[in-house]
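J.: Supplied structure: target11.txt, compact mmCIF, C-alpha atoms.
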# COMPACT_ATOMS: atom_id res chain seq x y z
CA MET B 1 -130.24 -79.99 -68.83
CA ARG B 2 -130.81 -77.14 -71.24
CA PHE B 3 -131.52 -73.71 -69.74
CA LEU B 4 -130.95 -70.07 -70.61
CA ILE B 5 -129.17 -68.52 -67.62
CA PHE B 6 -128.81 -64.87 -66.60
CA GLU B 7 -127.05 -63.88 -63.38
CA ASN B 8 -127.36 -67.43 -61.95
CA ILE B 9 -131.16 -67.49 -62.35
CA ILE B 10 -132.69 -69.80 -64.94
CA LEU B 11 -135.01 -67.84 -67.15
CA ILE B 12 -136.13 -70.46 -69.65
CA MET B 13 -136.02 -74.24 -69.58
CA PHE B 14 -136.56 -76.34 -72.68
CA LEU B 15 -138.61 -79.55 -72.65
CA ARG B 16 -139.58 -82.11 -75.25
CA VAL B 17 -143.13 -83.56 -74.92
CA VAL B 18 -143.64 -86.96 -76.56
CA PRO B 19 -147.02 -88.72 -76.72
CA VAL B 20 -146.71 -92.48 -76.22
CA GLY B 21 -149.70 -93.97 -77.99
CA GLU B 22 -152.82 -91.93 -78.67
CA ILE B 23 -153.04 -88.69 -76.68
CA TYR B 24 -155.73 -86.16 -77.53
CA GLU B 25 -154.19 -83.07 -79.13
CA GLY B 26 -156.06 -80.81 -76.69
CA ILE B 27 -154.27 -82.51 -73.77
CA LEU B 28 -150.88 -82.02 -75.42
CA ASN B 29 -151.63 -78.34 -76.02
CA LEU B 30 -152.88 -77.93 -72.43
CA VAL B 31 -149.62 -79.38 -71.05
CA LYS B 32 -147.57 -77.20 -73.40
CA ASP B 33 -149.49 -74.04 -72.42
CA GLU B 34 -149.28 -74.75 -68.67
CA LEU B 35 -145.55 -75.42 -68.85
CA GLU B 36 -144.93 -72.35 -70.98
CA ASN B 37 -146.68 -70.32 -68.24
CA LEU B 38 -143.79 -71.51 -66.04
CA ASN B 39 -141.23 -70.25 -68.61
CA ILE B 40 -140.65 -73.77 -69.91
CA LYS B 41 -140.49 -73.81 -73.68
CA CYS B 42 -142.01 -77.02 -75.04
CA ARG B 43 -141.86 -78.82 -78.31
CA ILE B 44 -144.49 -81.47 -78.99
CA MET B 45 -142.91 -84.35 -80.86
CA PRO B 46 -144.61 -86.99 -83.02
CA LYS B 47 -146.28 -89.86 -81.17
CA ILE B 48 -144.44 -93.11 -80.64
CA PRO B 49 -145.80 -96.55 -79.74
CA ILE B 50 -145.47 -98.03 -76.28
CA PRO B 51 -143.04 -100.97 -76.23
CA LYS B 52 -144.96 -104.25 -76.16
CA GLU B 53 -142.12 -105.77 -74.13
CA ALA B 54 -143.10 -103.54 -71.19
CA TYR B 55 -146.56 -105.11 -70.90
CA ASN B 56 -147.24 -107.40 -67.95
CA GLN B 57 -150.15 -109.62 -68.96
CA TRP B 58 -150.93 -110.68 -65.38
CA ARG B 59 -151.14 -107.12 -64.12
CA LYS B 60 -152.62 -105.76 -67.36
CA GLN B 61 -150.26 -102.80 -66.96
CA TYR B 62 -147.03 -101.53 -68.44
CA ASN B 63 -143.80 -101.43 -66.43
CA ALA B 64 -142.87 -97.73 -66.40
CA GLU B 65 -139.18 -98.45 -65.87
CA VAL B 66 -139.04 -100.71 -68.94
CA VAL B 67 -140.96 -98.13 -70.98
CA MET B 68 -138.52 -95.36 -70.04
CA ASN B 69 -135.46 -97.58 -70.55
CA MET B 70 -136.63 -98.52 -74.03
CA LEU B 71 -137.92 -95.12 -75.14
CA SER B 72 -135.44 -92.70 -73.58
CA ASN B 73 -132.93 -93.12 -76.39
CA VAL B 74 -135.11 -93.52 -79.49
CA SER B 75 -134.61 -90.77 -82.05
CA GLU B 76 -138.09 -89.30 -81.57
CA VAL B 77 -137.35 -88.80 -77.87
CA LYS B 78 -133.75 -87.57 -78.11
CA PHE B 79 -134.26 -85.67 -81.34
CA ILE B 80 -131.00 -83.81 -82.16
CA ASP B 81 -130.13 -82.42 -78.71
CA LYS B 82 -129.78 -85.08 -76.04
CA SER B 83 -129.43 -82.49 -73.26
CA ILE B 84 -133.08 -81.39 -73.58
CA PRO B 85 -135.24 -83.33 -71.10
CA THR B 86 -138.19 -85.37 -72.29
CA LEU B 87 -141.68 -85.75 -70.89
CA LEU B 88 -143.50 -88.86 -72.10
CA LEU B 89 -147.31 -88.74 -71.87
CA THR B 90 -149.31 -91.93 -72.16
CA ASP B 91 -152.84 -93.18 -71.77
CA PHE B 92 -151.61 -96.62 -70.70
CA ASP B 93 -151.76 -97.77 -67.06
CA LEU B 94 -148.28 -97.95 -65.51
CA TYR B 95 -146.68 -99.61 -62.52
CA TYR B 96 -143.26 -99.50 -60.93
CA SER B 97 -141.39 -102.02 -58.82
CA GLY B 98 -143.11 -102.45 -55.44
CA LEU B 99 -146.11 -100.27 -56.34
CA ASN B 100 -149.54 -101.25 -57.65
CA PHE B 101 -149.59 -98.27 -60.00
CA ILE B 102 -148.02 -94.89 -60.60
CA PHE B 103 -149.24 -91.61 -62.01
CA GLY B 104 -145.71 -90.74 -63.10
CA LEU B 105 -142.02 -91.50 -62.84
CA GLU B 106 -138.86 -89.48 -63.44
CA ASP B 107 -135.37 -90.80 -64.12
CA PRO B 108 -132.64 -88.14 -63.91
CA THR B 109 -130.04 -90.45 -65.49
CA LYS B 110 -132.15 -90.58 -68.66
CA SER B 111 -133.30 -86.95 -68.51
CA CYS B 112 -136.78 -88.37 -68.93
CA ALA B 113 -140.12 -88.50 -67.11
CA ILE B 114 -143.38 -90.26 -67.89
CA VAL B 115 -146.93 -89.42 -66.82
CA SER B 116 -149.84 -91.81 -67.24
CA LEU B 117 -153.33 -90.41 -67.78
CA ALA B 118 -155.03 -93.78 -67.17
CA ARG B 119 -155.75 -93.44 -63.44
CA LEU B 120 -156.20 -89.68 -63.61
CA LYS B 121 -159.42 -90.16 -65.57
CA PRO B 122 -162.61 -90.04 -63.46
CA GLU B 123 -164.08 -92.91 -65.50
CA PHE B 124 -161.29 -95.20 -64.22
CA TYR B 125 -163.11 -94.94 -60.86
CA ASP B 126 -166.54 -95.51 -62.45
CA GLU B 127 -167.32 -91.80 -62.36
CA ARG B 128 -168.63 -89.71 -65.23
CA PRO B 129 -165.98 -88.26 -67.52
CA ALA B 130 -165.05 -84.75 -66.40
CA ARG B 131 -162.63 -83.02 -68.76
CA GLY B 132 -161.85 -80.12 -66.43
CA LEU B 133 -161.01 -82.45 -63.54
CA LEU B 134 -158.87 -84.63 -65.80
CA GLU B 135 -156.98 -81.60 -67.09
CA GLU B 136 -156.30 -80.36 -63.54
CA ARG B 137 -154.96 -83.76 -62.53
CA ILE B 138 -152.73 -84.04 -65.61
CA VAL B 139 -151.24 -80.59 -65.07
CA LYS B 140 -150.50 -81.35 -61.40
CA GLU B 141 -148.77 -84.62 -62.20
CA VAL B 142 -146.76 -83.15 -65.07
CA ILE B 143 -145.53 -80.30 -62.84
CA HIS B 144 -144.86 -82.82 -60.04
CA GLU B 145 -142.60 -84.93 -62.27
CA LEU B 146 -140.91 -81.77 -63.55
CA GLY B 147 -140.23 -80.85 -59.91
CA HIS B 148 -138.48 -84.19 -59.41
CA TYR B 149 -136.46 -83.52 -62.55
CA LEU B 150 -135.40 -80.18 -61.05
CA GLY B 151 -134.21 -81.95 -57.90
CA LEU B 152 -137.19 -81.65 -55.56
CA ASP B 153 -138.25 -84.50 -53.28
CA HIS B 154 -141.77 -85.12 -52.04
CA CYS B 155 -143.06 -82.28 -49.86
CA SER B 156 -144.88 -82.62 -46.54
CA ASN B 157 -147.17 -79.71 -47.45
CA SER B 158 -150.31 -81.50 -48.70
CA LYS B 159 -151.25 -78.48 -50.87
CA CYS B 160 -147.88 -78.37 -52.64
CA VAL B 161 -147.68 -79.91 -56.10
CA MET B 162 -144.70 -81.92 -54.80
CA SER B 163 -146.73 -83.72 -52.12
CA PHE B 164 -146.81 -87.50 -52.52
CA SER B 165 -150.05 -88.76 -54.06
CA PRO B 166 -150.77 -92.42 -53.30
CA SER B 167 -154.31 -91.95 -54.65
CA VAL B 168 -156.11 -89.73 -57.13
CA PHE B 169 -157.89 -88.10 -54.19
CA ASP B 170 -154.49 -86.85 -52.97
CA VAL B 171 -153.88 -85.42 -56.44
CA ASP B 172 -157.19 -83.58 -56.15
CA LYS B 173 -156.24 -82.08 -52.75
CA LYS B 174 -153.00 -80.51 -53.91
CA GLN B 175 -152.56 -77.40 -55.99
CA LYS B 176 -150.63 -77.09 -59.23
CA GLU B 177 -148.14 -74.68 -57.66
CA PHE B 178 -144.95 -75.26 -55.70
CA CYS B 179 -145.14 -74.22 -52.05
CA GLU B 180 -142.88 -71.42 -50.79
CA ASN B 181 -140.40 -73.92 -49.33
CA CYS B 182 -140.05 -75.82 -52.62
CA LYS B 183 -139.69 -72.52 -54.51
CA LEU B 184 -136.93 -71.53 -52.08
CA ILE B 185 -135.12 -74.84 -52.60
CA MET B 186 -135.21 -74.29 -56.36
CA ILE B 187 -134.06 -70.67 -56.06
CA THR B 188 -131.06 -71.78 -53.97
CA LYS B 189 -130.21 -74.10 -56.89
CA GLY B 190 -130.48 -71.18 -59.31
CA ILE B 191 -133.87 -72.24 -60.66
CA ASN B 192 -136.76 -69.81 -60.83
CA ILE B 193 -139.75 -71.04 -62.77
CA GLY B 194 -143.22 -69.59 -62.84
Any chance you could put this one into structure tokens?
T.:
Amino acid sequence: MRFLIFENIILIMFLRVVPVGEIYEGILNLVKDELENLNIKCRIMPKIPIPKEAYNQWRKQYNAEVVMNMLSNVSEVKFIDKSIPTLLLTDFDLYYSGLNFIFGLEDPTKSCAIVSLARLKPEFYDERPARGLLEERIVKEVIHELGHYLGLDHCSNSKCVMSFSPSVFDVDKKQKEFCENCKLIMITKGINIG
């Protein structure tokens, strides 16, 4: 993990953002801006393709674990400094062992997280496209995965960004902020973001 530390409080965290496949530049800039509001300095890296080997033709989805295993060590992801964590953003639909789908996944051993935009889009549910709603959902899920990276588990507070979201409607119910309890847990670990 790469942080600037002053008197045991983390002031700035560094994060690498890597688009996997085609991600609209406005979405990348939105994620960067929202994270920088939390004192997380971001660098947007060049896009990389999703590994074809991760595709499950019967499910018509990509296995998130295989994607992260294959991409977490490519040069575009671990550019120069391997201690800087990576956030992969993709438009492809993802699943994980035992789950029908996931919005995101974080693997601390790889210092890597992935967020899928596919099921965050209103049109996935046969609704009209709504850019503002999509952006809210993306920001919540990115911050949620970052929270896991920082050591937080799922939170029982349904408004907390760390609450478990088995459906997009649960994503809509929560806020993009950490609850006071989750903030306290991070502070006791020496982490103070936002």
J.: Residues near range 158-171 of chain B, anyone? I mean within 10 Å using only C-alpha atoms, not counting same-chain ones fewer than 5 positions away, as JSON, numbers by chain.
T.: {"B": [99, 100, 101, 102, 103, 119, 120, 121, 122, 125, 136, 137, 138, 139, 140, 141, 142, 143, 144, 145, 146, 147, 148, 152, 153, 176, 177, 178, 179, 180, 181, 182]}
J.: Within 9 Å of Cys112 in chain B, counting all atoms listed in the file, which residues qualify if same-chain residues fewer than 4 places away don't, as an MDAnalysis selection string?
T.: chainID B and resid 68 72 77 85:88 105:108 149
J.: If I take CA of Val17 in chain B and CA of Ile44 in chain B, how far is one from the other in Å, to one decimal?
T.: 4.8 Å
J.: Which residue out of B:Ile185, B:Leu30, B:Cys42, B:Met70 has the minimum interatomic distance to Cys155 in chain B when only C-alpha atoms are used?
T.: B:Ile185
J.: As an exercise, work out the distance from CA of Phe92 in chain B to CA of Ser116 in chain B in Å and give it to one decimal place.
T.: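 Going from CA of Phe92 in chain B over to CA of Ser116 in chain B covers 6.2 Å.
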J.: Could you please determine the separation between CA of Leu89 in chain B and CA of Gln57 in chain B in Å, to one decimal place?
T.: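 A separation of 21.3 Å between them.
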J.: Compile the contact shell of range 95-97 of chain B as a PyMOL selection string: residues with an atom at most 8 Å away, counting all atoms listed in the file, same-chain residues fewer than 4 positions apart removed.
T.: chain B and resi 61-65+101-102
J.: Taking all atoms listed in the file into account, name the residue in B:Leu28, B:Val18, B:Ile191, B:Ile84 that is nearest to Pro49 in chain B.
T.: B:Val18
J.: Nearest to Asp93 in chain B among B:Val31, B:Leu117, B:Ile23, B:Asn39, with distances taken over only C-alpha atoms: which residue is it?
T.: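 Distance minimum relative to Asp93 in chain B lands on B:Leu117.
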J.: Please determine, counting only C-alpha atoms, which residue among B:Val20, B:Leu71, B:Ile27, B:Leu94 has the shortest atom-to-atom distance to Tyr55 in chain B.
T.: B:Leu94
J.: Starting from 5 Å padding per side, set up an axis-aligned box that covers all listed atoms of range 113-116 of chain B and hand over centre and edge lengths in Å, one decimal, as JSON.
T.:
{"center_x": -145.0, "center_y": -90.2, "center_z": -67.4, "size_x": 19.7, "size_y": 13.3, "size_z": 11.1}
J.: Of the residues B:Arg128, B:Gly151, B:Asn29, B:Arg43, which is the one nearest to Arg16 in chain B, using all atoms listed in the file?
T.: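 Checking each candidate against Arg16 in chain B, we get B:Arg43 as the closest.
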